[in-house]
Structures are given as C-alpha cells and as structure tokens.
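Here's the structure we're looking at; comments come further down.
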Amino acid sequence: MRTDDGRIHDHNEDYISRWEPTTPEDEKKYGWLFIVADGVGGADAGEIASEYATERMKEHYLAHTETADWGERLRQAMLYANTELRQLVASEHEGRRMATTMVTAVITGSTVHIANVGDSRAYHWRAGFISQITKDHSLVAKLVEEGAISAAEAENHPYQNVILYSIGSDKNPRIDLFEVPLVLGDILVLCSDGLNKHVSDAEIGEFVARQPLDAAAESLISLANERGGRDNISVIVLRYGERPDLTETMVGETAVALETTPSKTTVISASQPAAKSNTRALWVYTIILALIEALLTILIWLYLRV
C-alpha cells in the first residue's frame, strides 16, 4: 500500500486503508477489506472527505454483518459514509464542496467483491493479462463510451477531472458492484486516478508481474511522478494466495496472505502445508522412477538371455 503527494500538489487528498482478519472466524465474517479514496474540494476539504468517508465506511461495514451479499454490504457501507459526510459538511463545513471517489474490495473465499464510485480504479491481473474491473464515473469516460471522443482525445481532454458521481456529492450516488472469481497467483490493483493519468494499463500489468509487490507499487508511483505527477498517487497491490498461519485450521480453504509493516502490505503465497505436500509428491515420484528403472533392467536382462 503506497500513497504519494505527486509533483504538483503540496498536500495529499488521497486516503488508503485496509482491514485484515486475525482469525479464521474473522475472515469468514468480514473477509479482507481494502479501500482507496481520492478526495476533492480544494485546500484541506478533499483530505478531510477521503479520510472521513473511508473510516465511516469501515465502521459501518464491520458493524453490519447481517447481509449475506458481500457486494451489497460494501454498497450499504458506502451509502452510510455518503450520508455521514454530507451531514458533516452541513454541520461543520457549510458552503464547502467536500466529496471523494472510493473503490473498495473485499476478498472472501476465492472471490473478490468490488464497489466503486468515481474514477478510482480496480484492476485484475492473471497469467500475463490485465483488465480494468471498474468503470470510471467521469465525463470523459462517458464521452468515450458514447463515441463523442476517442480514447486518445480523452487523455488530454480539458474536462478530464470532471467526476459524475462521488461520495458526498449526491444523496444517492451511483455505486457499481463487481464480482470476480480468483485463482492462486491472481493480482489485484486498486489505485487513484493519479496513477492511470500517467501509466497505461499494460505498464501496470508489467510492473506487478515482474517485481515483488512492494517494489511494484513504488515503481508505479515513481513512473507516474517522472511523467509529471499531476495528482496525488495511491496504489494497493495484492496477490491472492494461501495464508500460512490459517491453513492448519482452514483445510481446503484459501485466503489472502499479507506480510505487513507500518508502510506497506506485501502479499505472499507460501505455506508450510504446501511445502510438505510437495515433499511427499517428490518421494512418490522418486519411488515410481526407481520401479520403472528396475523393470526396464529386468526386461533388458531377459532379452539378452534370449
């Protein structure tokens, strides 16, 4: 997980956060939650909006587990954050424009559920191919979709920063839901538009495929800054794998494995039980080869006698 001011702004209006389970019970109840928010409003308003909305979203998500639909849980939590942010503006920041984009992902079992509003993105990488999961809620994206402008024209369009939906701007903002099945080795990328303004989808895929995840996040931010850094840049990179300390009690289940420090989250995909399984397979393979070799020796001996 990385966030950076960029080269133009003197403060960071992005906010990134996560919630990680510590027990198998927590994992089944809450999954693994990750959030990227990109605040708008100028001065410190965007900074307040992104952090406040993210924390309120997490609060509601963790407090309401009665809904079995994971995507709907994300959507309801984001709507709650929207209401809370609008109330904050009305009571303490009247007259100020405060809003934020938000892309959230919860991984449970072998599925990732994603909810987004605005133009922060979620990507899915598998076996050398990367695809954008979310759809940008921006004026430029809508113009491209309708064929009014080309993708090339969109890159430098004067209304590139116009967002159609966001947390805090509307009473009932549009929130899109997505569900993607995962296999071991899949990589997920959540980011603010400060990254994809400067770095193409293909380049994002190349970095996360070739580098350790923490290094990939750093490299993506560095590249965005080298190309202008016109906005704050935030990146979360995750690899779907097995979590070593839960495999003993979760036989047959898979989870996201995270190695955490104060400044980063690195996903790993190694487990002790898997290593033991590989060792047993190697012994079986060796025995089979020995038996084949012995059988061939006997057949050759019999052939030579004849």
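Chain labels run A, B, ... following the order of the structure tokens; each chain numbers its residues from 1, and ligands are numbered from 1 in the order shown.
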Write out as a short mmCIF file (atom, residue, chain, number, x, y, z; two decimals) with N, CA and C atoms, in the first residue's frame each polymer residue whose atoms come within 8 Å of Ser138 of chain A, counting only C-alpha atoms; drop sequence neighbours fewer than 5 positions from it.
data_model
loop_
_atom_site.label_atom_id
_atom_site.label_comp_id
_atom_site.auth_asym_id
_atom_site.auth_seq_id
_atom_site.Cartn_x
_atom_site.Cartn_y
_atom_site.Cartn_z
N GLY A 118 -17.01 7.05 -8.72
CA GLY A 118 -15.98 7.98 -9.16
C GLY A 118 -15.02 7.32 -10.13
N ASP A 119 -13.76 7.80 -10.16
CA ASP A 119 -12.82 7.29 -11.15
C ASP A 119 -11.59 6.63 -10.56
N GLN A 160 -11.12 16.55 -18.09
CA GLN A 160 -10.66 15.25 -17.63
C GLN A 160 -10.96 15.01 -16.15
N ASN A 161 -11.01 16.07 -15.37
CA ASN A 161 -11.18 15.92 -13.92
C ASN A 161 -12.64 16.02 -13.46
N VAL A 162 -13.57 16.10 -14.39
CA VAL A 162 -14.98 16.22 -14.01
C VAL A 162 -15.53 14.84 -13.66
N ILE A 163 -15.92 14.67 -12.38
CA ILE A 163 -16.46 13.40 -11.88
C ILE A 163 -17.98 13.48 -11.85
N LEU A 164 -18.65 12.46 -12.35
CA LEU A 164 -20.11 12.47 -12.40
C LEU A 164 -20.74 12.02 -11.09
N TYR A 165 -20.10 11.09 -10.39
CA TYR A 165 -20.64 10.59 -9.12
C TYR A 165 -19.51 10.49 -8.10
#
Using DSSP assignments from the backbone, pull out every residue in segment 16-236 of chain A that falls under strand (DSSP E) and give it to me as a ChimeraX atom specification.
/A:16-19,32-40,99-108,111-117,121-126,129-132,176-181,187-191,233-236
Report as JSON lines: every residue of segment 122-185 of chain A with an atom at most 12 Å from segment 195-207 of chain A, its closest pair of atoms, and their distance in Å to one decimal, counting only C-alpha atoms, with rows sorted by chain and ascending residue number.
{"residue": "A:Ala122", "atom": "CA", "partner": "A:Asp201", "partner_atom": "CA", "distance": 10.8}
{"residue": "A:Tyr123", "atom": "CA", "partner": "A:Asp201", "partner_atom": "CA", "distance": 8.5}
{"residue": "A:His124", "atom": "CA", "partner": "A:Gly205", "partner_atom": "CA", "distance": 8.8}
{"residue": "A:Trp125", "atom": "CA", "partner": "A:Gly205", "partner_atom": "CA", "distance": 6.5}
{"residue": "A:Arg126", "atom": "CA", "partner": "A:Gly205", "partner_atom": "CA", "distance": 9.1}
{"residue": "A:Ala127", "atom": "CA", "partner": "A:Gly205", "partner_atom": "CA", "distance": 10.0}
{"residue": "A:Gly128", "atom": "CA", "partner": "A:Gly205", "partner_atom": "CA", "distance": 7.3}
{"residue": "A:Phe129", "atom": "CA", "partner": "A:Gly205", "partner_atom": "CA", "distance": 6.9}
{"residue": "A:Ile130", "atom": "CA", "partner": "A:Gly205", "partner_atom": "CA", "distance": 5.5}
{"residue": "A:Ser131", "atom": "CA", "partner": "A:Asp201", "partner_atom": "CA", "distance": 7.5}
{"residue": "A:Gln132", "atom": "CA", "partner": "A:Asp201", "partner_atom": "CA", "distance": 7.7}
{"residue": "A:Ile133", "atom": "CA", "partner": "A:Asp201", "partner_atom": "CA", "distance": 11.4}
{"residue": "A:Asp136", "atom": "CA", "partner": "A:Asn196", "partner_atom": "CA", "distance": 11.3}
{"residue": "A:Ala154", "atom": "CA", "partner": "A:Lys197", "partner_atom": "CA", "distance": 10.4}
{"residue": "A:Glu155", "atom": "CA", "partner": "A:Lys197", "partner_atom": "CA", "distance": 7.6}
{"residue": "A:Asn156", "atom": "CA", "partner": "A:Lys197", "partner_atom": "CA", "distance": 9.4}
{"residue": "A:His157", "atom": "CA", "partner": "A:Lys197", "partner_atom": "CA", "distance": 11.5}
{"residue": "A:Gln160", "atom": "CA", "partner": "A:Lys197", "partner_atom": "CA", "distance": 9.6}
{"residue": "A:Asn161", "atom": "CA", "partner": "A:Lys197", "partner_atom": "CA", "distance": 10.4}
Keeping only C-alpha atoms, write the selected residues to a file as a tab-separated table (two decimals), in the first residue's frame.
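Output file result20.tsv is given in full below:
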chain	number	residue	atom	x	y	z
A	122	ALA	CA	-9.63	-1.71	-9.66
A	123	TYR	CA	-7.60	-3.97	-11.98
A	124	HIS	CA	-7.31	-7.76	-12.23
A	125	TRP	CA	-4.11	-9.42	-13.47
A	126	ARG	CA	-3.94	-13.11	-14.39
A	127	ALA	CA	-1.33	-15.08	-16.35
A	128	GLY	CA	0.15	-12.08	-18.11
A	129	PHE	CA	-3.09	-10.24	-18.88
A	130	ILE	CA	-4.50	-7.23	-17.01
A	131	SER	CA	-8.03	-5.82	-17.28
A	132	GLN	CA	-9.84	-2.92	-15.65
A	133	ILE	CA	-12.69	-4.21	-13.49
A	136	ASP	CA	-14.87	5.40	-14.47
A	154	ALA	CA	-9.65	11.68	-23.67
A	155	GLU	CA	-6.04	11.64	-22.43
A	156	ASN	CA	-5.71	15.43	-22.68
A	157	HIS	CA	-9.34	16.49	-22.56
A	160	GLN	CA	-10.66	15.25	-17.63
A	161	ASN	CA	-11.18	15.92	-13.92
List every residue of segment 112-215 of chain A that DSSP, applied to the backbone of this structure, assigns to alpha helix (DSSP H), and report them as an MDAnalysis selection string.
chainID A and resid 139:145 151:154 193:196 201:210 213:215
Surrounding residues of Ala115 of chain A excluding itself and chain neighbours under 2 positions, 8 Å, only C-alpha atoms, as a PyMOL selection string:
chain A and resi 71+74-75+103-105+113+117+175-178
Put those residues in a file: N, CA and C atoms, as a PDB file, in the first residue's frame.
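Listed below is the output, out_39.pdb:
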ATOM      1  N   GLY A  71     -21.272  -7.848  -1.857  1.00  0.00           N
ATOM      2  CA  GLY A  71     -21.308  -6.610  -2.626  1.00  0.00           C
ATOM      3  C   GLY A  71     -22.284  -5.614  -2.051  1.00  0.00           C
ATOM      4  N   LEU A  74     -20.860  -3.870   0.940  1.00  0.00           N
ATOM      5  CA  LEU A  74     -19.983  -2.763   0.562  1.00  0.00           C
ATOM      6  C   LEU A  74     -20.792  -1.544   0.150  1.00  0.00           C
ATOM      7  N   ARG A  75     -21.815  -1.772  -0.662  1.00  0.00           N
ATOM      8  CA  ARG A  75     -22.633  -0.660  -1.148  1.00  0.00           C
ATOM      9  C   ARG A  75     -23.327   0.061  -0.008  1.00  0.00           C
ATOM     10  N   VAL A 103     -13.032   3.341  -4.187  1.00  0.00           N
ATOM     11  CA  VAL A 103     -13.083   1.977  -4.695  1.00  0.00           C
ATOM     12  C   VAL A 103     -12.733   1.058  -3.531  1.00  0.00           C
ATOM     13  N   THR A 104     -13.605   0.081  -3.292  1.00  0.00           N
ATOM     14  CA  THR A 104     -13.417  -0.841  -2.172  1.00  0.00           C
ATOM     15  C   THR A 104     -13.413  -2.269  -2.690  1.00  0.00           C
ATOM     16  N   ALA A 105     -12.652  -3.117  -2.030  1.00  0.00           N
ATOM     17  CA  ALA A 105     -12.598  -4.533  -2.405  1.00  0.00           C
ATOM     18  C   ALA A 105     -12.607  -5.371  -1.141  1.00  0.00           C
ATOM     19  N   HIS A 113     -15.093  -9.086  -4.214  1.00  0.00           N
ATOM     20  CA  HIS A 113     -16.252  -8.229  -4.468  1.00  0.00           C
ATOM     21  C   HIS A 113     -15.758  -6.785  -4.445  1.00  0.00           C
ATOM     22  N   VAL A 117     -17.285   4.171  -6.806  1.00  0.00           N
ATOM     23  CA  VAL A 117     -17.969   5.379  -7.227  1.00  0.00           C
ATOM     24  C   VAL A 117     -16.876   6.391  -7.570  1.00  0.00           C
ATOM     25  N   ILE A 175     -23.337   3.618  -7.301  1.00  0.00           N
ATOM     26  CA  ILE A 175     -22.250   2.750  -6.850  1.00  0.00           C
ATOM     27  C   ILE A 175     -22.323   1.448  -7.645  1.00  0.00           C
ATOM     28  N   ASP A 176     -21.291   1.158  -8.411  1.00  0.00           N
ATOM     29  CA  ASP A 176     -21.254  -0.060  -9.219  1.00  0.00           C
ATOM     30  C   ASP A 176     -20.663  -1.204  -8.408  1.00  0.00           C
ATOM     31  N   LEU A 177     -21.203  -2.410  -8.619  1.00  0.00           N
ATOM     32  CA  LEU A 177     -20.718  -3.607  -7.937  1.00  0.00           C
ATOM     33  C   LEU A 177     -20.173  -4.602  -8.958  1.00  0.00           C
ATOM     34  N   PHE A 178     -19.073  -5.265  -8.580  1.00  0.00           N
ATOM     35  CA  PHE A 178     -18.452  -6.267  -9.442  1.00  0.00           C
ATOM     36  C   PHE A 178     -18.053  -7.479  -8.600  1.00  0.00           C
TER      37      PHE A 178
END
